[in-house]
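Colleague: Provided herewith is a single structure, encoded as structure tokens, for subsequent inquiry.
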Amino acid sequence: MTQISTHVAGARSGTSRPLTTGDRAFLSFTLQYPGEFLEGGVVLCVEDPGLTERDLRAHVAARLAEAPALTERLVRPIASAPAPGDVVWQHDDALDLDYHVGVLDLPAYSAAGGLRAALDDLATRPLDLERPLWRLWLLRGHSPTEVAIVYRFSHIHQDGSAAHQALHLLFGDGHGAARRTLRTFDVPHARDYARMAASIARSLPRTRQLASWGGPPRGAARHTWALTELDRLRRIARRESVTVNDVYLAAVAGAVRTWSLPEWTPPTPTGADRSRGAGRIRHAMTRIPRQRAFYTAMPINVRTPDEQEVLSNFTLATRVPLPCTEADPRRRLALVAAQTRRAKADGRFGVIERRMLDRTPPGISPRTFALMVAAGARPADTALFTSNVGTMWGPYTVAGRPVSTLIGIAPMLVGRQHLSAALYGLDGQLCATFTASASVPGHTELAGHWLAELAALEGSPRPGPPVATTTPPVPPRPPVIPTPRTAPPQHTARQDAGRRSSQVS
């Protein structure tokens with residue numbers, strides 16, 4: 001079993017702090033189940049193949065001097081601590097840049113395929129619990145015109161909002177907090193307890209199982225992604241009076257439906273049924289077992305403004321049914337929006353839950369925490385995980401070079417989950433990323449299907465009155481893997497933007 005270092009606290013005065021409830025839960029899971037871990041990250045593309053490992057290390061060293069939060073590590077102190085024997089976060093004055101900044105040479109001109117293979121490989125290398133829980137890799141050779149920088153972080157130390165802050169400290173302007181909208185939580189009312197009770201009742205049913213998964217999740221994590229523009233989702237959201245997150249989730253639902261379409265169409269009556277007349281057909285259809293709902297887990301940030309610069313976990317998850325049975329893209333979006341509005345409870349979600357997090361008894365055993373994390377990843381209860389990390393506001397730079405593209409890496413518990421999706425953004429660009437178990441057949445199609453769903457939402461007419469329908473959705477555009485960029489001929493800005501706005505990898 002992995003051990004936590006025992007150090008004498010006080011290398012810096014007042015630099016220790018306790019773990020949050022979420023930190024404790026993910027740490028307990030990692031310790032209770034050796035070899036299992038939850039990590040996420042991003043890829044930053046820089047259009048300068050001349051960027052060297054030395055340049056990157058010098059950049060990071062300069063940023064760390066002003067960002068002590070990135071030097072925190074897990075320590076079980078034997079001297080000064082909030083409670084003797086408790087694991088705390090403590091600054092590491094001897095952070096080893098040789099470990100935290102590495103380099104990988106990819107096959108020459110391997111383009112997006114080489115980048116995907118590198119991400120798959122890095123996902124098998126867990127971060128060292130004895131060190132600050134993040135690493136950077138410089139990936140080079142796959143393109144003659146750019147390099148890629150991979151930032152990986154452990155969920156023990158960072159949730160999505162904390163990853164925002166970490167990237168801001170490393171590659172943004174480095175000052176203060178990253179731009180985010182956070183809220184405060186007032187005293188719970190009676191209706192908040194009623195809402196929570198109803199939410200617990202809705203979380204009891206198990207999720208629908210798909211034969212398309214190909215059995216239990218097996219094998220390592222595999223990564224694909226699709227790039228588009230934030231304005232595309234905003235235009236759809238404004239037209240339909242929904243949120244960008246609703247558009248993202250509806251496109252995920254449509255992508256899963258297209259990928260596993262035969263499972264969402266009702267059974268066709270046999271010839272014998274038809275010969276008995278319409279009444280017999282209706283009677284036969286009533287005997288068909290009702291299918292379970294198809295649930296995704298959606299994390300919601302409960303961080304307060306006072307915690308915006310803290311690198312820790314302040315996230316709760318809620319289940320949301322995805323309407324994959326609905327064939328019409330716009331009706332599917334309306335159904336998703338209705339579910340997320342109910343989950344958010346007019347802005348009251350988190351009022352009780354945040355109070356519970358703050359008052360978690362210190363005596364809860366690590367095994368209980370580990371079981372809580374494991375329960376949230378059961379395929380029988382939750383089909384997939386869909387997170388919206390949000391838009392990061394740049395510009396981001398690396399050693400004076402601008403970051404041109406951000407690609408997300410969706411965290412997934414390997415061996416426990418079939419699929420995890422996440423939405424990342426940098427300024428006006430968005431990335432929908434999918435991490436799947438290697439055993440899931442055809443998982444590389446999901447990114448292309450997601451883009452096809454956006455196109456269907458952009459072009460579909462306004463829906464009429466709700467009617468029963470089994471019309472298949474618009475056929476997806478085949479995914480196109482971009483080739484390595486060479487010194488291209490001159491294009492107009494509009495042509496270049498159009499080419500990047502629907503990129504699939």
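Chains: A, B, ... in order of the structure tokens. Residues: from 1 per chain. Ligands: from 1, in order shown.
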With a distance cut-off of 8 Å and only C-alpha atoms, select the neighbouring residues of Pro395 (chain A), excluding the residue or stretch itself and same-chain residues fewer than 4 positions from it, and output the selection as JSON, numbers by chain.
Modeller: {"A": [172, 173, 402, 403, 427]}
Colleague: Once you have the residues from the selection above, write them out as a PDB file, in the first residue's frame, restricted to all heavy atoms.
Modeller:
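Written output follows (part_8.pdb):
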```
ATOM      1  N   GLY A 172      -1.300  31.549 -17.219  1.00  0.00           N
ATOM      2  CA  GLY A 172      -2.028  32.795 -17.365  1.00  0.00           C
ATOM      3  C   GLY A 172      -1.167  33.961 -16.926  1.00  0.00           C
ATOM      4  O   GLY A 172       0.069  33.890 -16.951  1.00  0.00           O
ATOM      5  N   ASP A 173      -1.823  35.032 -16.483  1.00  0.00           N
ATOM      6  CA  ASP A 173      -1.014  36.171 -16.049  1.00  0.00           C
ATOM      7  C   ASP A 173      -0.390  35.934 -14.685  1.00  0.00           C
ATOM      8  O   ASP A 173       0.468  36.703 -14.238  1.00  0.00           O
ATOM      9  CB  ASP A 173      -1.839  37.462 -16.056  1.00  0.00           C
ATOM     10  CG  ASP A 173      -2.991  37.445 -15.052  1.00  0.00           C
ATOM     11  OD1 ASP A 173      -2.936  36.679 -14.072  1.00  0.00           O
ATOM     12  OD2 ASP A 173      -3.940  38.210 -15.250  1.00  0.00           O
ATOM     13  N   PRO A 402       2.573  31.985 -27.356  1.00  0.00           N
ATOM     14  CA  PRO A 402       1.142  31.852 -27.059  1.00  0.00           C
ATOM     15  C   PRO A 402       0.654  30.420 -27.248  1.00  0.00           C
ATOM     16  O   PRO A 402       1.123  29.691 -28.131  1.00  0.00           O
ATOM     17  CB  PRO A 402       0.484  32.794 -28.063  1.00  0.00           C
ATOM     18  CG  PRO A 402       1.456  32.878 -29.195  1.00  0.00           C
ATOM     19  CD  PRO A 402       2.827  32.759 -28.583  1.00  0.00           C
ATOM     20  N   VAL A 403      -0.292  30.027 -26.420  1.00  0.00           N
ATOM     21  CA  VAL A 403      -0.974  28.734 -26.569  1.00  0.00           C
ATOM     22  C   VAL A 403      -2.075  28.908 -27.605  1.00  0.00           C
ATOM     23  O   VAL A 403      -2.935  29.782 -27.481  1.00  0.00           O
ATOM     24  CB  VAL A 403      -1.553  28.268 -25.225  1.00  0.00           C
ATOM     25  CG1 VAL A 403      -2.429  27.027 -25.417  1.00  0.00           C
ATOM     26  CG2 VAL A 403      -0.428  27.989 -24.230  1.00  0.00           C
ATOM     27  N   ASP A 427     -10.719  30.737 -23.998  1.00  0.00           N
ATOM     28  CA  ASP A 427     -11.240  31.895 -24.713  1.00  0.00           C
ATOM     29  C   ASP A 427     -12.406  31.466 -25.618  1.00  0.00           C
ATOM     30  O   ASP A 427     -13.383  30.937 -25.122  1.00  0.00           O
ATOM     31  CB  ASP A 427     -10.111  32.582 -25.484  1.00  0.00           C
ATOM     32  CG  ASP A 427      -9.064  33.165 -24.539  1.00  0.00           C
ATOM     33  OD1 ASP A 427      -9.441  33.610 -23.439  1.00  0.00           O
ATOM     34  OD2 ASP A 427      -7.869  33.163 -24.887  1.00  0.00           O
TER      35      ASP A 427
END
```
Colleague: Got a sec to tell me which of region 140-174 of chain A DSSP assigns to alpha helix (DSSP H), as number ranges by chain?
Modeller: A: 160-171
Colleague: Could you write those residues out with N, CA and C atoms, as an mmCIF file, in the first residue's frame?
Modeller:
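Final output, again_10.cif:
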```cif
data_model
loop_
_atom_site.group_PDB
_atom_site.id
_atom_site.type_symbol
_atom_site.label_atom_id
_atom_site.label_comp_id
_atom_site.auth_asym_id
_atom_site.auth_seq_id
_atom_site.Cartn_x
_atom_site.Cartn_y
_atom_site.Cartn_z
ATOM 1 N N GLY A 160 -12.160 20.494 -10.931
ATOM 2 C CA GLY A 160 -12.085 21.286 -12.158
ATOM 3 C C GLY A 160 -11.786 22.743 -11.912
ATOM 4 N N SER A 161 -12.393 23.323 -10.867
ATOM 5 C CA SER A 161 -12.156 24.726 -10.569
ATOM 6 C C SER A 161 -10.726 24.942 -10.093
ATOM 7 N N ALA A 162 -10.187 24.013 -9.314
ATOM 8 C CA ALA A 162 -8.794 24.121 -8.879
ATOM 9 C C ALA A 162 -7.843 23.981 -10.054
ATOM 10 N N ALA A 163 -8.181 23.126 -11.036
ATOM 11 C CA ALA A 163 -7.348 23.011 -12.234
ATOM 12 C C ALA A 163 -7.332 24.329 -13.004
ATOM 13 N N HIS A 164 -8.472 25.037 -13.042
ATOM 14 C CA HIS A 164 -8.509 26.388 -13.614
ATOM 15 C C HIS A 164 -7.444 27.259 -12.972
ATOM 16 N N GLN A 165 -7.444 27.256 -11.636
ATOM 17 C CA GLN A 165 -6.525 28.121 -10.913
ATOM 18 C C GLN A 165 -5.075 27.709 -11.145
ATOM 19 N N ALA A 166 -4.820 26.387 -11.172
ATOM 20 C CA ALA A 166 -3.449 25.916 -11.394
ATOM 21 C C ALA A 166 -2.933 26.334 -12.766
ATOM 22 N N LEU A 167 -3.762 26.200 -13.792
ATOM 23 C CA LEU A 167 -3.348 26.594 -15.141
ATOM 24 C C LEU A 167 -3.166 28.108 -15.237
ATOM 25 N N HIS A 168 -4.008 28.851 -14.524
ATOM 26 C CA HIS A 168 -3.866 30.308 -14.481
ATOM 27 C C HIS A 168 -2.515 30.687 -13.873
ATOM 28 N N LEU A 169 -2.131 29.988 -12.814
ATOM 29 C CA LEU A 169 -0.856 30.291 -12.157
ATOM 30 C C LEU A 169 0.331 29.904 -13.037
ATOM 31 N N LEU A 170 0.201 28.819 -13.773
ATOM 32 C CA LEU A 170 1.315 28.338 -14.590
ATOM 33 C C LEU A 170 1.420 29.056 -15.933
ATOM 34 N N PHE A 171 0.276 29.346 -16.557
ATOM 35 C CA PHE A 171 0.320 29.830 -17.940
ATOM 36 C C PHE A 171 -0.485 31.106 -18.192
#
```
Colleague: For CA of Gly459 (chain A) and CA of Gly254 (chain A), quote the distance in Å rounded to one decimal.
Modeller: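 So the two atoms, CA of Gly459 (chain A) and CA of Gly254 (chain A), lie 14.7 Å apart.
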Colleague: Counting only C-alpha atoms, what is within 9 Å of region 47-62 of chain A, bar same-chain residues fewer than 3 positions away, as a list of chain:residue names?
Modeller: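 In the requested format, the answer is A:Ala65, A:Glu66, A:Leu97, A:Asp98, A:His100, A:Val101, A:Gly102, A:Val103, A:Trp137, A:Leu138, A:Arg140, A:Gly141, A:Ser143, A:Pro144, A:Thr145, A:Glu146, A:Val147, A:Ala148, A:Leu170, A:Phe171, A:Val398, A:Ala399, A:Gly400, A:Arg401, A:Pro402, A:Val403, A:Ser404.
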Colleague: Could you save the residues just selected, with C-alpha atoms, as an mmCIF file, in the first residue's frame?
Modeller:
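Written file, part.cif:
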```
data_model
loop_
_atom_site.group_PDB
_atom_site.id
_atom_site.type_symbol
_atom_site.label_atom_id
_atom_site.label_comp_id
_atom_site.auth_asym_id
_atom_site.auth_seq_id
_atom_site.Cartn_x
_atom_site.Cartn_y
_atom_site.Cartn_z
ATOM 1 C CA ALA A 65 8.299 31.307 -7.160
ATOM 2 C CA GLU A 66 4.999 33.235 -7.141
ATOM 3 C CA LEU A 97 11.670 20.118 -11.453
ATOM 4 C CA ASP A 98 13.399 17.152 -13.095
ATOM 5 C CA HIS A 100 7.660 17.650 -12.568
ATOM 6 C CA VAL A 101 8.764 18.692 -16.071
ATOM 7 C CA GLY A 102 9.596 15.907 -18.520
ATOM 8 C CA VAL A 103 9.824 15.381 -22.255
ATOM 9 C CA TRP A 137 5.379 16.760 -20.241
ATOM 10 C CA LEU A 138 6.701 18.399 -23.383
ATOM 11 C CA ARG A 140 7.485 16.926 -29.582
ATOM 12 C CA GLY A 141 8.128 15.365 -32.988
ATOM 13 C CA SER A 143 4.190 17.851 -35.908
ATOM 14 C CA PRO A 144 6.719 19.947 -37.814
ATOM 15 C CA THR A 145 5.012 23.169 -36.738
ATOM 16 C CA GLU A 146 4.020 22.732 -33.085
ATOM 17 C CA VAL A 147 4.707 21.064 -29.754
ATOM 18 C CA ALA A 148 2.237 19.977 -27.074
ATOM 19 C CA LEU A 170 1.315 28.338 -14.590
ATOM 20 C CA PHE A 171 0.320 29.830 -17.940
ATOM 21 C CA VAL A 398 4.650 29.279 -22.380
ATOM 22 C CA ALA A 399 8.092 30.899 -22.253
ATOM 23 C CA GLY A 400 6.710 33.833 -24.216
ATOM 24 C CA ARG A 401 4.950 31.679 -26.854
ATOM 25 C CA PRO A 402 1.142 31.852 -27.059
ATOM 26 C CA VAL A 403 -0.974 28.734 -26.569
ATOM 27 C CA SER A 404 -3.032 28.198 -29.722
#
```
Colleague: May I ask which of the residues A:Met412, A:Ala111, A:Leu357, A:Ala338 is the closest one to Arg24 (chain A), counting only C-alpha atoms?
Modeller: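 Once distances to Arg24 (chain A) are computed over only C-alpha atoms, the minimum belongs to A:Leu357.
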Colleague: I'd like the contact shell of Leu457 (chain A) - 8 Å cut-off, only C-alpha atoms, skipping same-chain residues fewer than 2 positions apart - returned as a count of residues only.
Modeller: 8
Colleague: Just the number, please: distance in Å from CA of Pro262 (chain A) to CA of Arg332 (chain A), one decimal.
Modeller: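 About the pair CA of Pro262 (chain A) and CA of Arg332 (chain A): they are 17.5 Å apart.
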Colleague: Determine the nearest neighbour of Leu129 (chain A) from the options A:Tyr151, A:Leu31, A:Pro362, A:Leu210, counting only C-alpha atoms.
Modeller: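 When distances to Leu129 (chain A) are compared using only C-alpha atoms, the smallest one comes from A:Leu31.
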Colleague: Neighbouring residues of Gly428 (chain A) were defined as those with any atom within 8 Å, considering only C-alpha atoms; residues of the same chain fewer than 2 positions away were excluded. Please report them as number ranges by chain.
Modeller: A: 229-231, 425-426, 430
Colleague: DSSP says strand (DSSP E or B) for which residues of region 47-138 of chain A? Put them as a list in words?
Modeller: Glu72, Arg73, Leu74, Val75, Val88, Trp89, Gln90, His91, Val101, Gly102, Val103, Leu104, Asp105, Trp134, Arg135, Leu136, Trp137 and Leu138 of chain A
Colleague: Could you save those same residues with N, CA, C and O atoms as a PDB file, in the first residue's frame?
Modeller:
```pdb
ATOM      1  N   GLU A  72       2.277  22.322  -2.892  1.00  0.00           N
ATOM      2  CA  GLU A  72       1.689  21.543  -1.796  1.00  0.00           C
ATOM      3  C   GLU A  72       1.831  20.049  -2.050  1.00  0.00           C
ATOM      4  O   GLU A  72       1.667  19.569  -3.172  1.00  0.00           O
ATOM      5  N   ARG A  73       2.097  19.326  -0.980  1.00  0.00           N
ATOM      6  CA  ARG A  73       2.173  17.867  -1.036  1.00  0.00           C
ATOM      7  C   ARG A  73       1.514  17.286   0.204  1.00  0.00           C
ATOM      8  O   ARG A  73       1.276  17.979   1.193  1.00  0.00           O
ATOM      9  N   LEU A  74       1.202  16.000   0.145  1.00  0.00           N
ATOM     10  CA  LEU A  74       0.596  15.307   1.273  1.00  0.00           C
ATOM     11  C   LEU A  74       1.662  14.965   2.302  1.00  0.00           C
ATOM     12  O   LEU A  74       2.706  14.392   1.962  1.00  0.00           O
ATOM     13  N   VAL A  75       1.376  15.294   3.561  1.00  0.00           N
ATOM     14  CA  VAL A  75       2.338  15.039   4.641  1.00  0.00           C
ATOM     15  C   VAL A  75       1.569  14.591   5.870  1.00  0.00           C
ATOM     16  O   VAL A  75       0.510  15.132   6.181  1.00  0.00           O
ATOM     17  N   VAL A  88      -2.059  16.307   6.064  1.00  0.00           N
ATOM     18  CA  VAL A  88      -2.320  17.701   5.734  1.00  0.00           C
ATOM     19  C   VAL A  88      -1.627  18.041   4.416  1.00  0.00           C
ATOM     20  O   VAL A  88      -0.802  17.266   3.912  1.00  0.00           O
ATOM     21  N   TRP A  89      -1.983  19.192   3.868  1.00  0.00           N
ATOM     22  CA  TRP A  89      -1.238  19.762   2.746  1.00  0.00           C
ATOM     23  C   TRP A  89      -0.145  20.671   3.302  1.00  0.00           C
ATOM     24  O   TRP A  89      -0.403  21.495   4.175  1.00  0.00           O
ATOM     25  N   GLN A  90       1.075  20.485   2.781  1.00  0.00           N
ATOM     26  CA  GLN A  90       2.196  21.310   3.234  1.00  0.00           C
ATOM     27  C   GLN A  90       3.079  21.655   2.050  1.00  0.00           C
ATOM     28  O   GLN A  90       3.293  20.825   1.159  1.00  0.00           O
ATOM     29  N   HIS A  91       3.589  22.872   2.025  1.00  0.00           N
ATOM     30  CA  HIS A  91       4.453  23.305   0.931  1.00  0.00           C
ATOM     31  C   HIS A  91       5.762  22.520   0.929  1.00  0.00           C
ATOM     32  O   HIS A  91       6.346  22.254   1.977  1.00  0.00           O
ATOM     33  N   VAL A 101       8.734  18.264 -14.674  1.00  0.00           N
ATOM     34  CA  VAL A 101       8.764  18.692 -16.071  1.00  0.00           C
ATOM     35  C   VAL A 101       9.585  17.679 -16.861  1.00  0.00           C
ATOM     36  O   VAL A 101      10.794  17.584 -16.696  1.00  0.00           O
ATOM     37  N   GLY A 102       8.924  16.915 -17.716  1.00  0.00           N
ATOM     38  CA  GLY A 102       9.596  15.907 -18.520  1.00  0.00           C
ATOM     39  C   GLY A 102       9.378  16.143 -20.000  1.00  0.00           C
ATOM     40  O   GLY A 102       8.701  17.086 -20.413  1.00  0.00           O
ATOM     41  N   VAL A 103       9.933  15.253 -20.810  1.00  0.00           N
ATOM     42  CA  VAL A 103       9.824  15.381 -22.255  1.00  0.00           C
ATOM     43  C   VAL A 103       9.602  14.008 -22.859  1.00  0.00           C
ATOM     44  O   VAL A 103      10.133  12.998 -22.370  1.00  0.00           O
ATOM     45  N   LEU A 104       8.772  13.944 -23.898  1.00  0.00           N
ATOM     46  CA  LEU A 104       8.541  12.711 -24.644  1.00  0.00           C
ATOM     47  C   LEU A 104       8.707  13.008 -26.130  1.00  0.00           C
ATOM     48  O   LEU A 104       8.098  13.947 -26.655  1.00  0.00           O
ATOM     49  N   ASP A 105       9.529  12.224 -26.797  1.00  0.00           N
ATOM     50  CA  ASP A 105       9.702  12.340 -28.240  1.00  0.00           C
ATOM     51  C   ASP A 105       8.747  11.370 -28.924  1.00  0.00           C
ATOM     52  O   ASP A 105       8.851  10.147 -28.745  1.00  0.00           O
ATOM     53  N   TRP A 134       0.997  16.928  -9.466  1.00  0.00           N
ATOM     54  CA  TRP A 134       0.843  17.356 -10.852  1.00  0.00           C
ATOM     55  C   TRP A 134       2.170  17.133 -11.582  1.00  0.00           C
ATOM     56  O   TRP A 134       3.226  17.058 -10.972  1.00  0.00           O
ATOM     57  N   ARG A 135       2.081  17.027 -12.907  1.00  0.00           N
ATOM     58  CA  ARG A 135       3.279  16.896 -13.744  1.00  0.00           C
ATOM     59  C   ARG A 135       3.020  17.549 -15.101  1.00  0.00           C
ATOM     60  O   ARG A 135       1.872  17.675 -15.541  1.00  0.00           O
ATOM     61  N   LEU A 136       4.119  17.945 -15.756  1.00  0.00           N
ATOM     62  CA  LEU A 136       4.090  18.477 -17.113  1.00  0.00           C
ATOM     63  C   LEU A 136       4.996  17.642 -18.005  1.00  0.00           C
ATOM     64  O   LEU A 136       6.073  17.205 -17.571  1.00  0.00           O
ATOM     65  N   TRP A 137       4.543  17.423 -19.237  1.00  0.00           N
ATOM     66  CA  TRP A 137       5.379  16.760 -20.241  1.00  0.00           C
ATOM     67  C   TRP A 137       5.394  17.619 -21.499  1.00  0.00           C
ATOM     68  O   TRP A 137       4.343  18.114 -21.938  1.00  0.00           O
ATOM     69  N   LEU A 138       6.553  17.761 -22.077  1.00  0.00           N
ATOM     70  CA  LEU A 138       6.701  18.399 -23.383  1.00  0.00           C
ATOM     71  C   LEU A 138       6.704  17.306 -24.433  1.00  0.00           C
ATOM     72  O   LEU A 138       7.584  16.442 -24.447  1.00  0.00           O
TER      73      LEU A 138
END
```
Colleague: Do a neighbour search on region 317-323 of chain A at 9 Å with only C-alpha atoms, toss out local chain neighbours closer than 2 positions, and write the hits as an MDAnalysis selection string.
Modeller: chainID A and resid 199 202:203 207 249:250 252:254 257 293:301 315 325:327 332:333 335:336 339:340 343 376 382
Colleague: Could you check the closest approach to Leu115 (chain A) for each of A:Val244, A:Ser505, A:Ala198, A:Ala221 and tell me which residue wins, using only C-alpha atoms?
Modeller: A:Ser505
Colleague: Please report the interatomic distance between CA of Asp93 (chain A) and CA of Ile149 (chain A) in Å with one decimal.
Modeller: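 Straight-line distance from CA of Asp93 (chain A) to CA of Ile149 (chain A) works out to 24.4 Å.
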Colleague: From the list A:Glu240, A:Asp86, A:Asp96, A:Glu263, which residue is nearest Arg17 (chain A) when using only C-alpha atoms?
Modeller: A:Asp86
Colleague: Would you pick out the contacts of Asn313 (chain A) at 7 Å or less, using only C-alpha atoms, so that residues sharing its chain but fewer than 5 positions from it are not included, and give the list as a list of chain:residue names?
Modeller: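 With the cut-off at 7 Å, the set is A:Thr20, A:Gly22, A:Asp23, A:His157, A:Gln158, A:Asp159.
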Colleague: Based on the selection just made, write N, CA and C atoms of those residues as a PDB file, in the first residue's frame.
Modeller:
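Okay, selection_23.pdb is ready:
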```pdb
ATOM      1  N   THR A  20      -9.721  18.915   2.494  1.00  0.00           N
ATOM      2  CA  THR A  20     -11.176  19.020   2.469  1.00  0.00           C
ATOM      3  C   THR A  20     -11.784  17.619   2.488  1.00  0.00           C
ATOM      4  N   GLY A  22     -13.619  16.283   0.214  1.00  0.00           N
ATOM      5  CA  GLY A  22     -13.364  15.667  -1.085  1.00  0.00           C
ATOM      6  C   GLY A  22     -11.941  15.173  -1.223  1.00  0.00           C
ATOM      7  N   ASP A  23     -10.975  15.946  -0.735  1.00  0.00           N
ATOM      8  CA  ASP A  23      -9.581  15.499  -0.766  1.00  0.00           C
ATOM      9  C   ASP A  23      -9.425  14.184  -0.014  1.00  0.00           C
ATOM     10  N   HIS A 157      -5.993  16.453  -5.191  1.00  0.00           N
ATOM     11  CA  HIS A 157      -5.581  17.830  -4.937  1.00  0.00           C
ATOM     12  C   HIS A 157      -6.401  18.857  -5.703  1.00  0.00           C
ATOM     13  N   GLN A 158      -6.965  18.489  -6.836  1.00  0.00           N
ATOM     14  CA  GLN A 158      -7.617  19.485  -7.675  1.00  0.00           C
ATOM     15  C   GLN A 158      -8.918  18.946  -8.272  1.00  0.00           C
ATOM     16  N   ASP A 159      -9.992  19.727  -8.118  1.00  0.00           N
ATOM     17  CA  ASP A 159     -11.183  19.500  -8.923  1.00  0.00           C
ATOM     18  C   ASP A 159     -11.094  20.396 -10.156  1.00  0.00           C
TER      19      ASP A 159
END
```
